[in-house]
Amino acid sequence: MIPFIDLKTQYESIKEEIQSAVNATLASTQFVLGKEVAAFEEEFAAYSGGKFGIGVNSGTSALHLALLAAGIRPGDEVITVSCTFVATVAAIDYTGARPVFVDVDPQTLNMDPSQVEAAITDRTKAILPVHLHGQPADMDPILEIAHRHDLRVIEDAAQAHRAEYKGRRVGSIGDLGCFSFYPGKNLGAYGEGGMVVTNNEDFAHTIRMLRDWGQERKYHHTLKGFNYRMEGIQGAILRVKLRHLDAWTEGRRQHAAYFNELLADSGVQTPVEMPYARHVYHVYGVRMPDRDKVQEALQAKGIQTNIHYPIPVHLQKAYENLGYGHGDLPVTEKASAELLSLPMFPELQNAQIEAVCGAVREAVHGG
Ligand SMILES: Cc1ncc(COP(=O)(O)O)c(C=O)c1O
């Protein structure tokens, strides 16, 4: 049995550190925000190359507040991708703005910058690229278009902690960067969590208020806000885990290289790390025409896989009001039919990778 992800082995390896951090937070009774969250905000913002970090209760909340701070209002348009987790699009929808989709680059499955300009209207206010699977989107052309049209750029870095684009760390390349600390993420809390990173002090101030009921100070509500605060215990846990993240990311990158080697010429398309990118392999996704059959064959051998994502957002029932249909985003639609995510976590063993690749080869060539 090879799991898709193994949080238990990782927990065992850091149990003492985690338990002492949790116990100290319990003793402090700083259950919501507090000094552990404040310290984590500072450490994670610096780790992501940004000046300010605002801890919130999920990556979705991070996106929602980043959009609000960037001034996105009902009737505005935000250009994004459909080849993503639903939260990217949901957050735009929460603001009352309209998500406008462009297709993705066939090699990276990230926003295709060459399609962005044609999607701009006089209602467009922002561009929201996603660093899918942990590989940065091609940011320079996106930033250049945004600059020319006076648009804000919000990065969805939920899957891309410490990924780099031309040596710059994601999350601090655009105006605002949004991270998720959902347990399975490269940096995962033991519950929900998220953060907005920015170099803009005004945005940081607004987001700090919005996450805590729009308060300038207690019971003085300057803005209509939300209860999106990060919990103290999550801050303490994330601080401990952040100290291990470089080593864990290196592990993921080594596993990806070994997968690439063993799957070369196997008939499946392995992920390509672009020359401008440091990919952090939140997901190791391979593509093949008969994906479902291969997934079943692996399942029969006790190898867990996943599909990120079987239905692109523009074809989801919840978003049919946006008016998109089959054929509108051909690269995105093809990817959703072909992508299979193989087991990927830092503690994965070479023998497990060999077993997965052997089973993939057999499934692809055996039928
Ligand atoms: C690309 C992307 N955006 C946003 C999110 C939302 O993050 P969360 O689950 O922490 O709300 C996720 C993860 O779930 C994600 O993968």
# chains A, B, ... in the order shown; residues from 1 in each chain; ligands from 1

$ residues_around --residues "A:Ile142" --least-positions-apart "6" --cutoff "8 Å" --atoms "only C-alpha atoms" --output "VMD selection string"
chain A and resid 113 116 127

$ residues_near_ligand --ligand "ligand 1" --cutoff "7 Å" --atoms "only C-alpha atoms and all ligand atoms" --output "list in words"
Ser58, Gly59, Thr60, Ser61, Thr84, Phe85, Ala87, Thr88, Val130, Leu132, Asp156, Ala157, Ala158, Gln159, Ser180, Phe181, Tyr182, Glu192, Gly193 and Gly194 of chain A

$ residues_around --residues "A:Asn260" --least-positions-apart "3" --cutoff "10 Å" --atoms "only C-alpha atoms" --output "list in words"
Gln254, His255, Ala256, Ala257, Leu263, Ala264, Asp265, Ser266, Gln269, Thr270, Pro271, Val272, Tyr284, Val286 and Cys357 of chain A

$ residues_around --residues "A:Ala27" --least-positions-apart "5" --cutoff "12 Å" --atoms "only C-alpha atoms" --output "list in words"
Ser20, Ala21, Val22, Gly232 and Ile233 of chain A

$ residues_around --residues "stretch 250-252 of chain A" --least-positions-apart "4" --cutoff "7 Å" --atoms "only C-alpha atoms" --output "CSV table (one decimal) with N, CA and C atoms, in the first residue's frame"
chain,number,residue,atom,x,y,z
A,246,ASP,N,12.4,23.9,4.1
A,246,ASP,CA,13.4,23.8,3.0
A,246,ASP,C,13.9,22.3,2.8
A,256,ALA,N,10.7,14.2,-7.4
A,256,ALA,CA,10.3,14.5,-8.8
A,256,ALA,C,11.3,14.1,-9.8
A,280,VAL,N,8.1,23.4,-6.8
A,280,VAL,CA,8.1,22.8,-5.4
A,280,VAL,C,7.3,21.6,-5.3
A,281,TYR,N,6.7,21.1,-6.5
A,281,TYR,CA,6.0,19.8,-6.5
A,281,TYR,C,5.1,19.6,-5.4
A,344,MET,N,3.1,11.9,-3.7
A,344,MET,CA,4.2,12.9,-3.5
A,344,MET,C,4.1,13.5,-2.1
A,345,PHE,N,5.2,13.2,-1.4
A,345,PHE,CA,5.3,13.8,0.0
A,345,PHE,C,6.8,13.6,0.3
A,346,PRO,N,7.3,14.5,1.2
A,346,PRO,CA,8.7,14.5,1.5
A,346,PRO,C,9.3,13.2,1.9

$ closest_residue --among "A:Gly325, A:Gly358, A:Pro312, A:Gly267" --to "A:Val89" --atoms "only C-alpha atoms"
A:Pro312

$ atom_distance --atom1 "atom CA of A:Gly184" --atom2 "atom CA of A:Leu329"
28.3 Å

$ atom_distance --atom1 "atom CA of A:Tyr228" --atom2 "atom CA of A:Gln215"
12.4 Å

$ closest_residue --among "A:Tyr190, A:Phe203, A:Phe40, A:Tyr47" --to "A:Tyr11" --atoms "only C-alpha atoms"
A:Tyr190

$ atom_distance --atom1 "atom CA of A:Thr124" --atom2 "atom CA of A:Gly96"
13.0 Å

$ closest_atom_pairs --of "stretch 307-358 of chain A" --to "stretch 102-106 of chain A" --cutoff "8 Å" --atoms "only C-alpha atoms" --output "JSON lines"
{"residue": "A:Leu329", "atom": "CA", "partner": "A:Asp103", "partner_atom": "CA", "distance": 5.3}
{"residue": "A:Pro330", "atom": "CA", "partner": "A:Asp103", "partner_atom": "CA", "distance": 7.4}
{"residue": "A:Val331", "atom": "CA", "partner": "A:Pro106", "partner_atom": "CA", "distance": 6.0}
{"residue": "A:Thr332", "atom": "CA", "partner": "A:Asp103", "partner_atom": "CA", "distance": 6.2}

$ select_by_dssp --residues "stretch 28-170 of chain A" --states "strand (DSSP E or B)" --output "ChimeraX atom specification"
/A:32,52-56,77-81,98-102,104,111,124-127,130,152-156,164-165,168-169

$ residues_around --residues "A:Arg211" --least-positions-apart "3" --cutoff "12 Å" --atoms "only C-alpha atoms" --output "JSON, numbers by chain"
{"A": [32, 33, 54, 55, 56, 57, 58, 61, 62, 63, 64, 65, 66, 68, 69, 194, 195, 196, 204, 205, 206, 207, 208, 214, 215, 216, 221, 223, 224, 225, 226, 227, 228, 229, 230, 231]}

$ closest_residue --among "A:His131, A:Ser13, A:Lys51, A:Gln30" --to "A:Trp248" --atoms "only C-alpha atoms"
A:Ser13

$ select_by_dssp --residues "stretch 15-188 of chain A" --states "alpha helix (DSSP H)" --output "PyMOL selection string"
chain A and resi 15-28+35-47+59-69+86-94+116-119+139-149

$ residues_around --residues "stretch 5-10 of chain A" --least-positions-apart "2" --cutoff "12 Å" --atoms "only C-alpha atoms" --output "PyMOL selection string"
chain A and resi 1-3+12-18+182-190+241+244-245+248+252+282-284+303-306+341-349

$ decode --residues "stretch 106-135 of chain A" --atoms "N, CA and C atoms" --output "PDB file, in the first residue's frame"
ATOM      1  N   PRO A 106       0.008  24.877 -22.597  1.00  0.00           N
ATOM      2  CA  PRO A 106      -0.074  23.407 -22.614  1.00  0.00           C
ATOM      3  C   PRO A 106       1.067  22.707 -21.880  1.00  0.00           C
ATOM      4  N   GLN A 107       2.200  23.372 -21.750  1.00  0.00           N
ATOM      5  CA  GLN A 107       3.323  22.729 -21.086  1.00  0.00           C
ATOM      6  C   GLN A 107       3.240  22.839 -19.562  1.00  0.00           C
ATOM      7  N   THR A 108       2.916  24.023 -19.066  1.00  0.00           N
ATOM      8  CA  THR A 108       2.944  24.245 -17.612  1.00  0.00           C
ATOM      9  C   THR A 108       1.569  24.146 -16.964  1.00  0.00           C
ATOM     10  N   LEU A 109       0.511  24.281 -17.748  1.00  0.00           N
ATOM     11  CA  LEU A 109      -0.869  24.351 -17.243  1.00  0.00           C
ATOM     12  C   LEU A 109      -1.088  25.576 -16.355  1.00  0.00           C
ATOM     13  N   ASN A 110      -0.221  26.566 -16.498  1.00  0.00           N
ATOM     14  CA  ASN A 110      -0.418  27.851 -15.834  1.00  0.00           C
ATOM     15  C   ASN A 110      -0.931  28.870 -16.846  1.00  0.00           C
ATOM     16  N   MET A 111      -1.495  29.959 -16.334  1.00  0.00           N
ATOM     17  CA  MET A 111      -2.055  31.032 -17.164  1.00  0.00           C
ATOM     18  C   MET A 111      -1.179  31.311 -18.383  1.00  0.00           C
ATOM     19  N   ASP A 112      -1.814  31.323 -19.553  1.00  0.00           N
ATOM     20  CA  ASP A 112      -1.099  31.614 -20.793  1.00  0.00           C
ATOM     21  C   ASP A 112      -1.089  33.136 -20.975  1.00  0.00           C
ATOM     22  N   PRO A 113       0.063  33.777 -20.727  1.00  0.00           N
ATOM     23  CA  PRO A 113       0.086  35.251 -20.767  1.00  0.00           C
ATOM     24  C   PRO A 113      -0.336  35.815 -22.123  1.00  0.00           C
ATOM     25  N   SER A 114      -0.146  35.027 -23.196  1.00  0.00           N
ATOM     26  CA  SER A 114      -0.462  35.560 -24.524  1.00  0.00           C
ATOM     27  C   SER A 114      -1.976  35.724 -24.724  1.00  0.00           C
ATOM     28  N   GLN A 115      -2.773  35.178 -23.805  1.00  0.00           N
ATOM     29  CA  GLN A 115      -4.223  35.299 -23.956  1.00  0.00           C
ATOM     30  C   GLN A 115      -4.830  36.395 -23.070  1.00  0.00           C
ATOM     31  N   VAL A 116      -4.010  36.971 -22.215  1.00  0.00           N
ATOM     32  CA  VAL A 116      -4.561  37.871 -21.192  1.00  0.00           C
ATOM     33  C   VAL A 116      -5.070  39.176 -21.796  1.00  0.00           C
ATOM     34  N   GLU A 117      -4.272  39.752 -22.673  1.00  0.00           N
ATOM     35  CA  GLU A 117      -4.611  41.088 -23.192  1.00  0.00           C
ATOM     36  C   GLU A 117      -5.985  41.100 -23.871  1.00  0.00           C
ATOM     37  N   ALA A 118      -6.277  40.043 -24.609  1.00  0.00           N
ATOM     38  CA  ALA A 118      -7.559  39.988 -25.334  1.00  0.00           C
ATOM     39  C   ALA A 118      -8.741  39.879 -24.379  1.00  0.00           C
ATOM     40  N   ALA A 119      -8.486  39.473 -23.138  1.00  0.00           N
ATOM     41  CA  ALA A 119      -9.585  39.299 -22.170  1.00  0.00           C
ATOM     42  C   ALA A 119      -9.851  40.574 -21.364  1.00  0.00           C
ATOM     43  N   ILE A 120      -9.017  41.595 -21.558  1.00  0.00           N
ATOM     44  CA  ILE A 120      -9.175  42.836 -20.783  1.00  0.00           C
ATOM     45  C   ILE A 120     -10.321  43.686 -21.352  1.00  0.00           C
ATOM     46  N   THR A 121     -11.179  44.161 -20.465  1.00  0.00           N
ATOM     47  CA  THR A 121     -12.247  45.097 -20.846  1.00  0.00           C
ATOM     48  C   THR A 121     -12.126  46.326 -19.944  1.00  0.00           C
ATOM     49  N   ASP A 122     -13.051  47.273 -20.100  1.00  0.00           N
ATOM     50  CA  ASP A 122     -12.948  48.445 -19.218  1.00  0.00           C
ATOM     51  C   ASP A 122     -13.395  48.124 -17.796  1.00  0.00           C
ATOM     52  N   ARG A 123     -13.884  46.918 -17.554  1.00  0.00           N
ATOM     53  CA  ARG A 123     -14.242  46.515 -16.177  1.00  0.00           C
ATOM     54  C   ARG A 123     -13.133  45.728 -15.480  1.00  0.00           C
ATOM     55  N   THR A 124     -12.116  45.337 -16.218  1.00  0.00           N
ATOM     56  CA  THR A 124     -11.056  44.509 -15.636  1.00  0.00           C
ATOM     57  C   THR A 124     -10.280  45.306 -14.592  1.00  0.00           C
ATOM     58  N   LYS A 125     -10.102  44.679 -13.412  1.00  0.00           N
ATOM     59  CA  LYS A 125      -9.376  45.371 -12.344  1.00  0.00           C
ATOM     60  C   LYS A 125      -8.128  44.599 -11.898  1.00  0.00           C
ATOM     61  N   ALA A 126      -8.119  43.291 -12.147  1.00  0.00           N
ATOM     62  CA  ALA A 126      -6.995  42.511 -11.615  1.00  0.00           C
ATOM     63  C   ALA A 126      -6.770  41.250 -12.449  1.00  0.00           C
ATOM     64  N   ILE A 127      -5.562  40.725 -12.311  1.00  0.00           N
ATOM     65  CA  ILE A 127      -5.204  39.431 -12.913  1.00  0.00           C
ATOM     66  C   ILE A 127      -4.809  38.519 -11.759  1.00  0.00           C
ATOM     67  N   LEU A 128      -5.352  37.279 -11.787  1.00  0.00           N
ATOM     68  CA  LEU A 128      -5.105  36.350 -10.681  1.00  0.00           C
ATOM     69  C   LEU A 128      -4.539  35.030 -11.225  1.00  0.00           C
ATOM     70  N   PRO A 129      -3.212  34.978 -11.420  1.00  0.00           N
ATOM     71  CA  PRO A 129      -2.609  33.721 -11.868  1.00  0.00           C
ATOM     72  C   PRO A 129      -2.455  32.746 -10.692  1.00  0.00           C
ATOM     73  N   VAL A 130      -2.441  31.466 -11.013  1.00  0.00           N
ATOM     74  CA  VAL A 130      -2.275  30.407 -10.010  1.00  0.00           C
ATOM     75  C   VAL A 130      -0.943  29.710 -10.295  1.00  0.00           C
ATOM     76  N   HIS A 131      -0.162  29.468  -9.261  1.00  0.00           N
ATOM     77  CA  HIS A 131       1.088  28.717  -9.448  1.00  0.00           C
ATOM     78  C   HIS A 131       0.749  27.238  -9.271  1.00  0.00           C
ATOM     79  N   LEU A 132       0.200  26.655 -10.324  1.00  0.00           N
ATOM     80  CA  LEU A 132      -0.404  25.327 -10.213  1.00  0.00           C
ATOM     81  C   LEU A 132       0.625  24.230  -9.934  1.00  0.00           C
ATOM     82  N   HIS A 133       0.285  23.383  -8.995  1.00  0.00           N
ATOM     83  CA  HIS A 133       1.085  22.222  -8.595  1.00  0.00           C
ATOM     84  C   HIS A 133       2.412  22.610  -7.938  1.00  0.00           C
ATOM     85  N   GLY A 134       2.674  23.930  -7.825  1.00  0.00           N
ATOM     86  CA  GLY A 134       3.938  24.353  -7.220  1.00  0.00           C
ATOM     87  C   GLY A 134       4.911  24.929  -8.218  1.00  0.00           C
ATOM     88  N   GLN A 135       4.484  25.063  -9.492  1.00  0.00           N
ATOM     89  CA  GLN A 135       5.341  25.706 -10.502  1.00  0.00           C
ATOM     90  C   GLN A 135       4.838  27.124 -10.749  1.00  0.00           C
TER      91      GLN A 135
END
